[in-house]
file model12.pdb (PDB, C-alpha atoms)
ATOM      1  CA  MET A   1     207.085 212.683  -8.105  1.00  0.00           C
ATOM      2  CA  ASP A   2     206.198 213.962 -11.550  1.00  0.00           C
ATOM      3  CA  PHE A   3     208.626 214.213 -14.452  1.00  0.00           C
ATOM      4  CA  SER A   4     208.675 215.397 -18.038  1.00  0.00           C
ATOM      5  CA  VAL A   5     211.467 215.224 -20.620  1.00  0.00           C
ATOM      6  CA  LEU A   6     212.010 215.715 -24.358  1.00  0.00           C
ATOM      7  CA  ASN A   7     209.943 218.878 -24.503  1.00  0.00           C
ATOM      8  CA  HIS A   8     206.996 217.180 -22.707  1.00  0.00           C
ATOM      9  CA  ARG A   9     206.852 214.258 -25.169  1.00  0.00           C
ATOM     10  CA  LEU A  10     207.646 211.823 -22.361  1.00  0.00           C
ATOM     11  CA  SER A  11     206.151 212.311 -18.924  1.00  0.00           C
ATOM     12  CA  GLY A  12     205.127 210.291 -15.923  1.00  0.00           C
ATOM     13  CA  THR A  13     204.563 209.987 -12.219  1.00  0.00           C
ATOM     14  CA  LEU A  14     205.835 207.823  -9.397  1.00  0.00           C
ATOM     15  CA  GLU A  15     203.656 207.633  -6.305  1.00  0.00           C
ATOM     16  CA  TRP A  16     204.110 205.770  -3.034  1.00  0.00           C
ATOM     17  CA  TYR A  17     201.562 205.647  -0.259  1.00  0.00           C
ATOM     18  CA  THR A  18     200.822 204.159   3.132  1.00  0.00           C
ATOM     19  CA  GLY A  19     197.420 204.354   4.715  1.00  0.00           C
ATOM     20  CA  ILE A  20     195.876 202.971   7.869  1.00  0.00           C
ATOM     21  CA  THR A  21     192.147 202.384   7.901  1.00  0.00           C
ATOM     22  CA  ASN A  22     190.392 202.085  11.243  1.00  0.00           C
ATOM     23  CA  ASP A  23     186.958 200.518  11.657  1.00  0.00           C
ATOM     24  CA  VAL A  24     187.024 198.442   8.450  1.00  0.00           C
ATOM     25  CA  ILE A  25     183.510 197.252   7.641  1.00  0.00           C
ATOM     26  CA  GLN A  26     183.407 193.707   6.244  1.00  0.00           C
ATOM     27  CA  TRP A  27     180.917 190.874   5.912  1.00  0.00           C
ATOM     28  CA  VAL A  28     181.299 188.536   8.893  1.00  0.00           C
ATOM     29  CA  ASN A  29     180.338 184.906   8.233  1.00  0.00           C
ATOM     30  CA  LEU A  30     178.284 183.104  10.854  1.00  0.00           C
ATOM     31  CA  PRO A  31     177.880 179.346  11.386  1.00  0.00           C
ATOM     32  CA  SER A  32     174.988 177.836   9.457  1.00  0.00           C
ATOM     33  CA  SER A  33     173.309 177.041  12.784  1.00  0.00           C
ATOM     34  CA  ALA A  34     172.799 180.789  13.356  1.00  0.00           C
ATOM     35  CA  GLY A  35     170.000 180.855  10.781  1.00  0.00           C
ATOM     36  CA  VAL A  36     171.537 183.758   8.827  1.00  0.00           C
ATOM     37  CA  GLY A  37     174.652 183.846   6.629  1.00  0.00           C
ATOM     38  CA  GLY A  38     176.304 186.746   8.404  1.00  0.00           C
ATOM     39  CA  TYR A  39     176.271 190.477   8.966  1.00  0.00           C
ATOM     40  CA  TYR A  40     178.366 193.604   8.326  1.00  0.00           C
ATOM     41  CA  ALA A  41     180.591 194.717  11.182  1.00  0.00           C
ATOM     42  CA  ASN A  42     183.741 196.556  12.134  1.00  0.00           C
ATOM     43  CA  ILE A  43     186.486 193.926  11.894  1.00  0.00           C
ATOM     44  CA  GLY A  44     189.483 196.061  12.912  1.00  0.00           C
ATOM     45  CA  LYS A  45     192.388 197.985  11.370  1.00  0.00           C
ATOM     46  CA  VAL A  46     194.143 197.485   8.022  1.00  0.00           C
ATOM     47  CA  LYS A  47     197.385 198.997   6.720  1.00  0.00           C
ATOM     48  CA  ASN A  48     197.693 199.554   2.945  1.00  0.00           C
ATOM     49  CA  THR A  49     201.037 200.205   1.280  1.00  0.00           C
ATOM     50  CA  GLY A  50     201.503 200.678  -2.416  1.00  0.00           C
ATOM     51  CA  VAL A  51     203.372 202.154  -5.327  1.00  0.00           C
ATOM     52  CA  GLU A  52     202.125 203.387  -8.683  1.00  0.00           C
ATOM     53  CA  PHE A  53     204.173 204.259 -11.748  1.00  0.00           C
ATOM     54  CA  SER A  54     202.785 205.747 -14.940  1.00  0.00           C
ATOM     55  CA  ILE A  55     204.569 206.854 -18.069  1.00  0.00           C
ATOM     56  CA  ASN A  56     203.001 208.669 -21.011  1.00  0.00           C
ATOM     57  CA  GLY A  57     204.522 209.494 -24.358  1.00  0.00           C
ATOM     58  CA  THR A  58     203.614 211.293 -27.531  1.00  0.00           C
ATOM     59  CA  ILE A  59     204.634 209.033 -30.404  1.00  0.00           C
ATOM     60  CA  LEU A  60     203.321 211.230 -33.226  1.00  0.00           C
ATOM     61  CA  ASP A  61     202.796 214.936 -32.668  1.00  0.00           C
ATOM     62  CA  ASN A  62     200.615 216.485 -35.363  1.00  0.00           C
ATOM     63  CA  VAL A  63     202.082 214.498 -38.269  1.00  0.00           C
ATOM     64  CA  ASN A  64     199.745 215.184 -41.205  1.00  0.00           C
ATOM     65  CA  GLY A  65     197.070 216.077 -38.655  1.00  0.00           C
ATOM     66  CA  TRP A  66     197.610 212.934 -36.570  1.00  0.00           C
ATOM     67  CA  THR A  67     198.623 212.828 -32.930  1.00  0.00           C
ATOM     68  CA  TRP A  68     199.280 209.523 -31.182  1.00  0.00           C
ATOM     69  CA  ASP A  69     199.698 209.348 -27.413  1.00  0.00           C
ATOM     70  CA  MET A  70     200.379 206.212 -25.428  1.00  0.00           C
ATOM     71  CA  GLY A  71     200.595 205.471 -21.732  1.00  0.00           C
ATOM     72  CA  ILE A  72     201.143 202.652 -19.320  1.00  0.00           C
ATOM     73  CA  ASN A  73     200.356 202.347 -15.642  1.00  0.00           C
ATOM     74  CA  LEU A  74     201.898 199.821 -13.239  1.00  0.00           C
ATOM     75  CA  TYR A  75     200.893 199.476  -9.618  1.00  0.00           C
ATOM     76  CA  ALA A  76     201.153 197.235  -6.582  1.00  0.00           C
ATOM     77  CA  ASN A  77     199.155 197.320  -3.361  1.00  0.00           C
ATOM     78  CA  ARG A  78     199.672 195.263  -0.225  1.00  0.00           C
ATOM     79  CA  ASN A  79     197.354 195.243   2.736  1.00  0.00           C
ATOM     80  CA  LYS A  80     197.825 193.750   6.160  1.00  0.00           C
ATOM     81  CA  ILE A  81     195.446 193.386   9.080  1.00  0.00           C
ATOM     82  CA  THR A  82     197.071 195.144  12.037  1.00  0.00           C
ATOM     83  CA  GLU A  83     194.339 194.572  14.609  1.00  0.00           C
ATOM     84  CA  LEU A  84     191.072 192.659  14.854  1.00  0.00           C
ATOM     85  CA  ALA A  85     188.143 194.322  16.634  1.00  0.00           C
ATOM     86  CA  THR A  86     187.740 191.219  18.806  1.00  0.00           C
ATOM     87  CA  GLY A  87     191.259 191.665  20.210  1.00  0.00           C
ATOM     88  CA  GLN A  88     192.221 188.193  19.004  1.00  0.00           C
ATOM     89  CA  GLU A  89     195.089 187.390  16.638  1.00  0.00           C
ATOM     90  CA  ARG A  90     193.028 185.233  14.282  1.00  0.00           C
ATOM     91  CA  ASP A  91     189.513 184.577  13.051  1.00  0.00           C
ATOM     92  CA  ALA A  92     189.878 181.352  11.069  1.00  0.00           C
ATOM     93  CA  SER A  93     186.196 181.137  10.097  1.00  0.00           C
ATOM     94  CA  ASN A  94     186.539 184.397   8.140  1.00  0.00           C
ATOM     95  CA  ALA A  95     190.231 183.844   7.158  1.00  0.00           C
ATOM     96  CA  TRP A  96     191.416 186.983   8.984  1.00  0.00           C
ATOM     97  CA  PHE A  97     194.818 186.844  10.645  1.00  0.00           C
ATOM     98  CA  VAL A  98     196.738 189.749  12.192  1.00  0.00           C
ATOM     99  CA  GLY A  99     199.864 190.353  10.114  1.00  0.00           C
ATOM    100  CA  HIS A 100     198.372 188.881   6.922  1.00  0.00           C
ATOM    101  CA  SER A 101     196.346 190.213   3.993  1.00  0.00           C
ATOM    102  CA  ILE A 102     192.634 190.767   4.459  1.00  0.00           C
ATOM    103  CA  ASN A 103     192.221 188.571   1.354  1.00  0.00           C
ATOM    104  CA  SER A 104     194.216 185.626   2.697  1.00  0.00           C
ATOM    105  CA  VAL A 105     193.442 182.148   1.450  1.00  0.00           C
ATOM    106  CA  TYR A 106     193.004 179.796   4.399  1.00  0.00           C
ATOM    107  CA  ASP A 107     192.820 176.316   2.979  1.00  0.00           C
ATOM    108  CA  TYR A 108     194.788 173.125   2.535  1.00  0.00           C
ATOM    109  CA  LYS A 109     197.671 173.019   0.059  1.00  0.00           C
ATOM    110  CA  LYS A 110     196.436 170.717  -2.682  1.00  0.00           C
ATOM    111  CA  ILE A 111     199.153 168.445  -4.084  1.00  0.00           C
ATOM    112  CA  GLY A 112     197.273 166.061  -6.375  1.00  0.00           C
ATOM    113  CA  LEU A 113     194.805 163.197  -6.181  1.00  0.00           C
ATOM    114  CA  TRP A 114     195.015 160.134  -3.949  1.00  0.00           C
ATOM    115  CA  GLN A 115     196.087 157.038  -5.878  1.00  0.00           C
ATOM    116  CA  GLU A 116     195.663 153.391  -4.877  1.00  0.00           C
ATOM    117  CA  ASN A 117     199.370 152.941  -4.157  1.00  0.00           C
ATOM    118  CA  ASP A 118     199.829 156.107  -2.056  1.00  0.00           C
ATOM    119  CA  HIS A 119     201.359 155.502   1.364  1.00  0.00           C
ATOM    120  CA  TYR A 120     199.383 156.348   4.506  1.00  0.00           C
ATOM    121  CA  PHE A 121     196.068 157.108   2.778  1.00  0.00           C
ATOM    122  CA  ASP A 122     194.193 155.269   5.542  1.00  0.00           C
ATOM    123  CA  ILE A 123     196.055 157.186   8.271  1.00  0.00           C
ATOM    124  CA  LEU A 124     196.068 160.705   6.819  1.00  0.00           C
ATOM    125  CA  GLU A 125     192.708 161.184   5.159  1.00  0.00           C
ATOM    126  CA  PRO A 126     189.515 161.968   7.081  1.00  0.00           C
ATOM    127  CA  GLU A 127     186.835 159.288   7.396  1.00  0.00           C
ATOM    128  CA  GLY A 128     184.816 158.815   4.227  1.00  0.00           C
ATOM    129  CA  SER A 129     187.596 159.859   1.854  1.00  0.00           C
ATOM    130  CA  ASN A 130     188.191 157.823  -1.280  1.00  0.00           C
ATOM    131  CA  ILE A 131     190.899 157.156  -3.813  1.00  0.00           C
ATOM    132  CA  GLY A 132     190.675 159.859  -6.489  1.00  0.00           C
ATOM    133  CA  MET A 133     189.835 162.641  -4.031  1.00  0.00           C
ATOM    134  CA  ILE A 134     192.050 165.685  -3.633  1.00  0.00           C
ATOM    135  CA  LYS A 135     195.283 164.991  -1.790  1.00  0.00           C
ATOM    136  CA  VAL A 136     196.427 167.718   0.587  1.00  0.00           C
ATOM    137  CA  LYS A 137     199.827 168.308   2.135  1.00  0.00           C
ATOM    138  CA  TYR A 138     200.403 166.867   5.598  1.00  0.00           C
ATOM    139  CA  ALA A 139     202.257 169.295   7.886  1.00  0.00           C
ATOM    140  CA  GLY A 140     202.345 167.144  11.004  1.00  0.00           C
ATOM    141  CA  GLU A 141     204.922 164.965  12.695  1.00  0.00           C
ATOM    142  CA  TYR A 142     205.872 161.356  12.015  1.00  0.00           C
ATOM    143  CA  ASP A 143     206.626 158.606  14.509  1.00  0.00           C
ATOM    144  CA  GLU A 144     209.973 156.793  14.763  1.00  0.00           C
ATOM    145  CA  ASN A 145     208.931 154.494  11.863  1.00  0.00           C
ATOM    146  CA  GLY A 146     208.125 157.433   9.551  1.00  0.00           C
ATOM    147  CA  VAL A 147     204.362 156.986   9.889  1.00  0.00           C
ATOM    148  CA  PRO A 148     202.145 160.079  10.289  1.00  0.00           C
ATOM    149  CA  VAL A 149     200.867 160.478  13.862  1.00  0.00           C
ATOM    150  CA  ARG A 150     197.450 161.951  13.038  1.00  0.00           C
ATOM    151  CA  ARG A 151     194.882 162.524  10.314  1.00  0.00           C
ATOM    152  CA  ILE A 152     194.938 165.675   8.174  1.00  0.00           C
ATOM    153  CA  GLY A 153     193.013 168.462   9.916  1.00  0.00           C
ATOM    154  CA  ALA A 154     192.846 172.202  10.572  1.00  0.00           C
ATOM    155  CA  GLU A 155     196.532 172.201  11.669  1.00  0.00           C
ATOM    156  CA  ASP A 156     197.486 171.562   8.024  1.00  0.00           C
ATOM    157  CA  LYS A 157     195.870 174.729   6.647  1.00  0.00           C
TER
END
call {"tool": "encode", "arguments": {"input": "model12.pdb", "output": "structure tokens"}}
result
Amino acid sequence: MDFSVLNHRLSGTLEWYTGITNDVIQWVNLPSSAGVGGYYANIGKVKNTGVEFSINGTILDNVNGWTWDMGINLYANRNKITELATGQERDASNAWFVGHSINSVYDYKKIGLWQENDHYFDILEPEGSNIGMIKVKYAGEYDENGVPVRRIGAEDK
């Protein structure tokens, strides 16, 4: 939708779009044991939805030979994987999940640093962790005494 008012001194556009892209080519990471970092491949289908709004105005119109125009553009775009080429719902090694953005962050939620007096450090943290390392949120269950039942792992991402 385009508009113009005040004898064309104020104008703009409002655009909305939806697009589905089939056969999206992306870099696919491979395990380090493969001997190569990865390769480009068709990963599936992605749906993009967005809106864009722009407004332009003439602030000065030939005042003593000066013309001053100004504009602003606002936009938002959301993408979502609708199908993976493998037929699976998730590819955790590449952080691709059906129903989520192609740019999803698949990691632990960091909530601080482990301190000496923190409860359950020895139960939650993986072997080799030390006080002062990043503390991540535990999303698991607790036993009847309120003690975590497992170490932090992939289930907490």
call {"tool": "resolve_selection", "arguments": {"input": "model12.pdb", "expression": "the PyMOL selection byres ((chain A and resi 155) around 9)", "output": "list in words"}}
result
Tyr138, Ala139, Gly140, Ile152, Gly153, Ala154, Asp156 and Lys157 of chain A
call {"tool": "atom_distance", "arguments": {"input": "model12.pdb", "atom1": "CA of Glu83 (chain A)", "atom2": "CA of Tyr108 (chain A)"}}
result
24.6 Å
call {"tool": "residues_around", "arguments": {"input": "model12.pdb", "residues": "Gly71 (chain A)", "least_positions_apart": "6", "cutoff": "10 Å", "atoms": "all atoms listed in the file", "output": "list in words"}}
result
Leu10, Ser11, Gly12, Ser54, Ile55, Asn56, Gly57 and Thr58 of chain A
call {"tool": "residues_near_point", "arguments": {"input": "model12.pdb", "point": "(182.1, 185.0, 8.8)", "cutoff": "9 Å", "atoms": "all atoms listed in the file", "output": "list in words"}}
result
Trp27, Val28, Asn29, Leu30, Pro31, Gly37, Gly38, Tyr39, Asp91, Ala92, Ser93, Asn94 and Ala95 of chain A
call {"tool": "atom_distance", "arguments": {"input": "model12.pdb", "atom1": "CA of Gly132 (chain A)", "atom2": "CA of Ser104 (chain A)"}}
result
27.6 Å
call {"tool": "resolve_selection", "arguments": {"input": "model12.pdb", "expression": "the PyMOL selection byres ((chain A and resi 46) around 9)", "output": "ChimeraX atom specification"}}
result
/A:19-24,44-45,47-48,79-84,101-102
call {"tool": "closest_residue", "arguments": {"input": "model12.pdb", "among": "A:Val63, A:Ala41, A:Met70, A:Val36", "to": "Arg9 (chain A)", "atoms": "only C-alpha atoms"}}
result
A:Met70
call {"tool": "residues_around", "arguments": {"input": "model12.pdb", "residues": "region 134-137 of chain A", "least_positions_apart": "6", "cutoff": "6 Å", "atoms": "only C-alpha atoms", "output": "ChimeraX atom specification"}}
result
/A:108-114
call {"tool": "write_last_selection", "arguments": {"input": "model12.pdb", "atoms": "C-alpha atoms", "output": "PDB file, keeping the file's coordinate frame"}}
result
ATOM      1  CA  TYR A 108     194.788 173.125   2.535  1.00  0.00           C
ATOM      2  CA  LYS A 109     197.671 173.019   0.059  1.00  0.00           C
ATOM      3  CA  LYS A 110     196.436 170.717  -2.682  1.00  0.00           C
ATOM      4  CA  ILE A 111     199.153 168.445  -4.084  1.00  0.00           C
ATOM      5  CA  GLY A 112     197.273 166.061  -6.375  1.00  0.00           C
ATOM      6  CA  LEU A 113     194.805 163.197  -6.181  1.00  0.00           C
ATOM      7  CA  TRP A 114     195.015 160.134  -3.949  1.00  0.00           C
TER       8      TRP A 114
END
call {"tool": "axis_aligned_box", "arguments": {"input": "model12.pdb", "around": "region 8-26 of chain A", "padding_each_side": "5 Å", "output": "AutoDock Vina command-line options"}}
result
--center_x 195.5 --center_y 205.4 --center_z -6.8 --size_x 34.2 --size_y 33.5 --size_z 46.8
call {"tool": "atom_distance", "arguments": {"input": "model12.pdb", "atom1": "CA of His119 (chain A)", "atom2": "CA of Ile131 (chain A)"}}
result
11.8 Å
call {"tool": "residues_around", "arguments": {"input": "model12.pdb", "residues": "Val149 (chain A)", "least_positions_apart": "4", "cutoff": "9 Å", "atoms": "only C-alpha atoms", "output": "PyMOL selection string"}}
result
chain A and resi 123-124+140-143
call {"tool": "write_last_selection", "arguments": {"input": "model12.pdb", "atoms": "C-alpha atoms", "output": "CSV table (one decimal), in the coordinates of the input"}}
result
chain,number,residue,atom,x,y,z
A,123,ILE,CA,196.1,157.2,8.3
A,124,LEU,CA,196.1,160.7,6.8
A,140,GLY,CA,202.3,167.1,11.0
A,141,GLU,CA,204.9,165.0,12.7
A,142,TYR,CA,205.9,161.4,12.0
A,143,ASP,CA,206.6,158.6,14.5
call {"tool": "closest_residue", "arguments": {"input": "model12.pdb", "among": "A:Glu116, A:Asp2, A:Glu89, A:Asp69", "to": "Glu52 (chain A)", "atoms": "only C-alpha atoms"}}
result
A:Asp2
call {"tool": "residues_around", "arguments": {"input": "model12.pdb", "residues": "Tyr120 (chain A)", "least_positions_apart": "6", "cutoff": "10 Å", "atoms": "all atoms listed in the file", "output": "VMD selection string"}}
result
chain A and resid 147 to 148 151
call {"tool": "resolve_selection", "arguments": {"input": "model12.pdb", "expression": "the PyMOL selection byres ((chain A and resi 49) around 6)", "output": "list in words"}}
result
Tyr17, Thr18, Asn48, Gly50, Asn77 and Arg78 of chain A
call {"tool": "closest_residue", "arguments": {"input": "model12.pdb", "among": "A:Met1, A:His8, A:Ile25, A:Asn64", "to": "Val51 (chain A)", "atoms": "all atoms listed in the file"}}
result
A:Met1
call {"tool": "closest_residue", "arguments": {"input": "model12.pdb", "among": "A:Phe97, A:Glu144, A:Trp68, A:Gln26", "to": "Asn42 (chain A)", "atoms": "only C-alpha atoms"}}
result
A:Gln26
call {"tool": "build_atoms", "arguments": {"input": "model12.pdb", "residues": "region 29-48 of chain A", "atoms": "N, CA and C atoms", "output": "mmCIF file, in the coordinates of the input"}}
result
data_model
loop_
_atom_site.group_PDB
_atom_site.id
_atom_site.type_symbol
_atom_site.label_atom_id
_atom_site.label_comp_id
_atom_site.auth_asym_id
_atom_site.auth_seq_id
_atom_site.Cartn_x
_atom_site.Cartn_y
_atom_site.Cartn_z
ATOM 1 N N ASN A 29 181.067 186.166 8.393
ATOM 2 C CA ASN A 29 180.338 184.906 8.233
ATOM 3 C C ASN A 29 179.949 184.352 9.597
ATOM 4 N N LEU A 30 178.766 183.766 9.640
ATOM 5 C CA LEU A 30 178.284 183.104 10.854
ATOM 6 C C LEU A 30 178.111 181.615 10.566
ATOM 7 N N PRO A 31 178.141 180.778 11.595
ATOM 8 C CA PRO A 31 177.880 179.346 11.386
ATOM 9 C C PRO A 31 176.474 179.146 10.828
ATOM 10 N N SER A 32 176.308 178.087 10.055
ATOM 11 C CA SER A 32 174.988 177.836 9.457
ATOM 12 C C SER A 32 173.909 177.641 10.518
ATOM 13 N N SER A 33 174.294 177.238 11.715
ATOM 14 C CA SER A 33 173.309 177.041 12.784
ATOM 15 C C SER A 33 172.723 178.354 13.288
ATOM 16 N N ALA A 34 173.301 179.488 12.909
ATOM 17 C CA ALA A 34 172.799 180.789 13.356
ATOM 18 C C ALA A 34 171.502 181.175 12.649
ATOM 19 N N GLY A 35 171.235 180.552 11.493
ATOM 20 C CA GLY A 35 170.000 180.855 10.781
ATOM 21 C C GLY A 35 170.145 181.978 9.772
ATOM 22 N N VAL A 36 171.242 182.721 9.816
ATOM 23 C CA VAL A 36 171.537 183.758 8.827
ATOM 24 C C VAL A 36 172.986 183.558 8.376
ATOM 25 N N GLY A 37 173.312 184.037 7.168
ATOM 26 C CA GLY A 37 174.652 183.846 6.629
ATOM 27 C C GLY A 37 175.721 184.673 7.308
ATOM 28 N N GLY A 38 175.335 185.863 7.766
ATOM 29 C CA GLY A 38 176.304 186.746 8.404
ATOM 30 C C GLY A 38 175.768 188.156 8.534
ATOM 31 N N TYR A 39 176.654 189.078 8.784
ATOM 32 C CA TYR A 39 176.271 190.477 8.966
ATOM 33 C C TYR A 39 177.497 191.355 8.722
ATOM 34 N N TYR A 40 177.275 192.651 8.495
ATOM 35 C CA TYR A 40 178.366 193.604 8.326
ATOM 36 C C TYR A 40 178.789 194.139 9.692
ATOM 37 N N ALA A 41 180.103 194.233 9.896
ATOM 38 C CA ALA A 41 180.591 194.717 11.182
ATOM 39 C C ALA A 41 181.984 195.311 11.027
ATOM 40 N N ASN A 42 182.386 196.041 12.045
ATOM 41 C CA ASN A 42 183.741 196.556 12.134
ATOM 42 C C ASN A 42 184.645 195.377 12.484
ATOM 43 N N ILE A 43 185.616 195.075 11.603
ATOM 44 C CA ILE A 43 186.486 193.926 11.894
ATOM 45 C C ILE A 43 187.840 194.342 12.451
ATOM 46 N N GLY A 44 188.202 195.635 12.354
ATOM 47 C CA GLY A 44 189.483 196.061 12.912
ATOM 48 C C GLY A 44 190.194 197.101 12.074
ATOM 49 N N LYS A 45 191.544 197.016 12.069
ATOM 50 C CA LYS A 45 192.388 197.985 11.370
ATOM 51 C C LYS A 45 193.200 197.297 10.285
ATOM 52 N N VAL A 46 193.376 198.004 9.155
ATOM 53 C CA VAL A 46 194.143 197.485 8.022
ATOM 54 C C VAL A 46 195.138 198.544 7.563
ATOM 55 N N LYS A 47 196.362 198.110 7.254
ATOM 56 C CA LYS A 47 197.385 198.997 6.720
ATOM 57 C C LYS A 47 197.568 198.675 5.238
ATOM 58 N N ASN A 48 197.469 199.686 4.381
ATOM 59 C CA ASN A 48 197.693 199.554 2.945
ATOM 60 C C ASN A 48 198.980 200.273 2.574
#
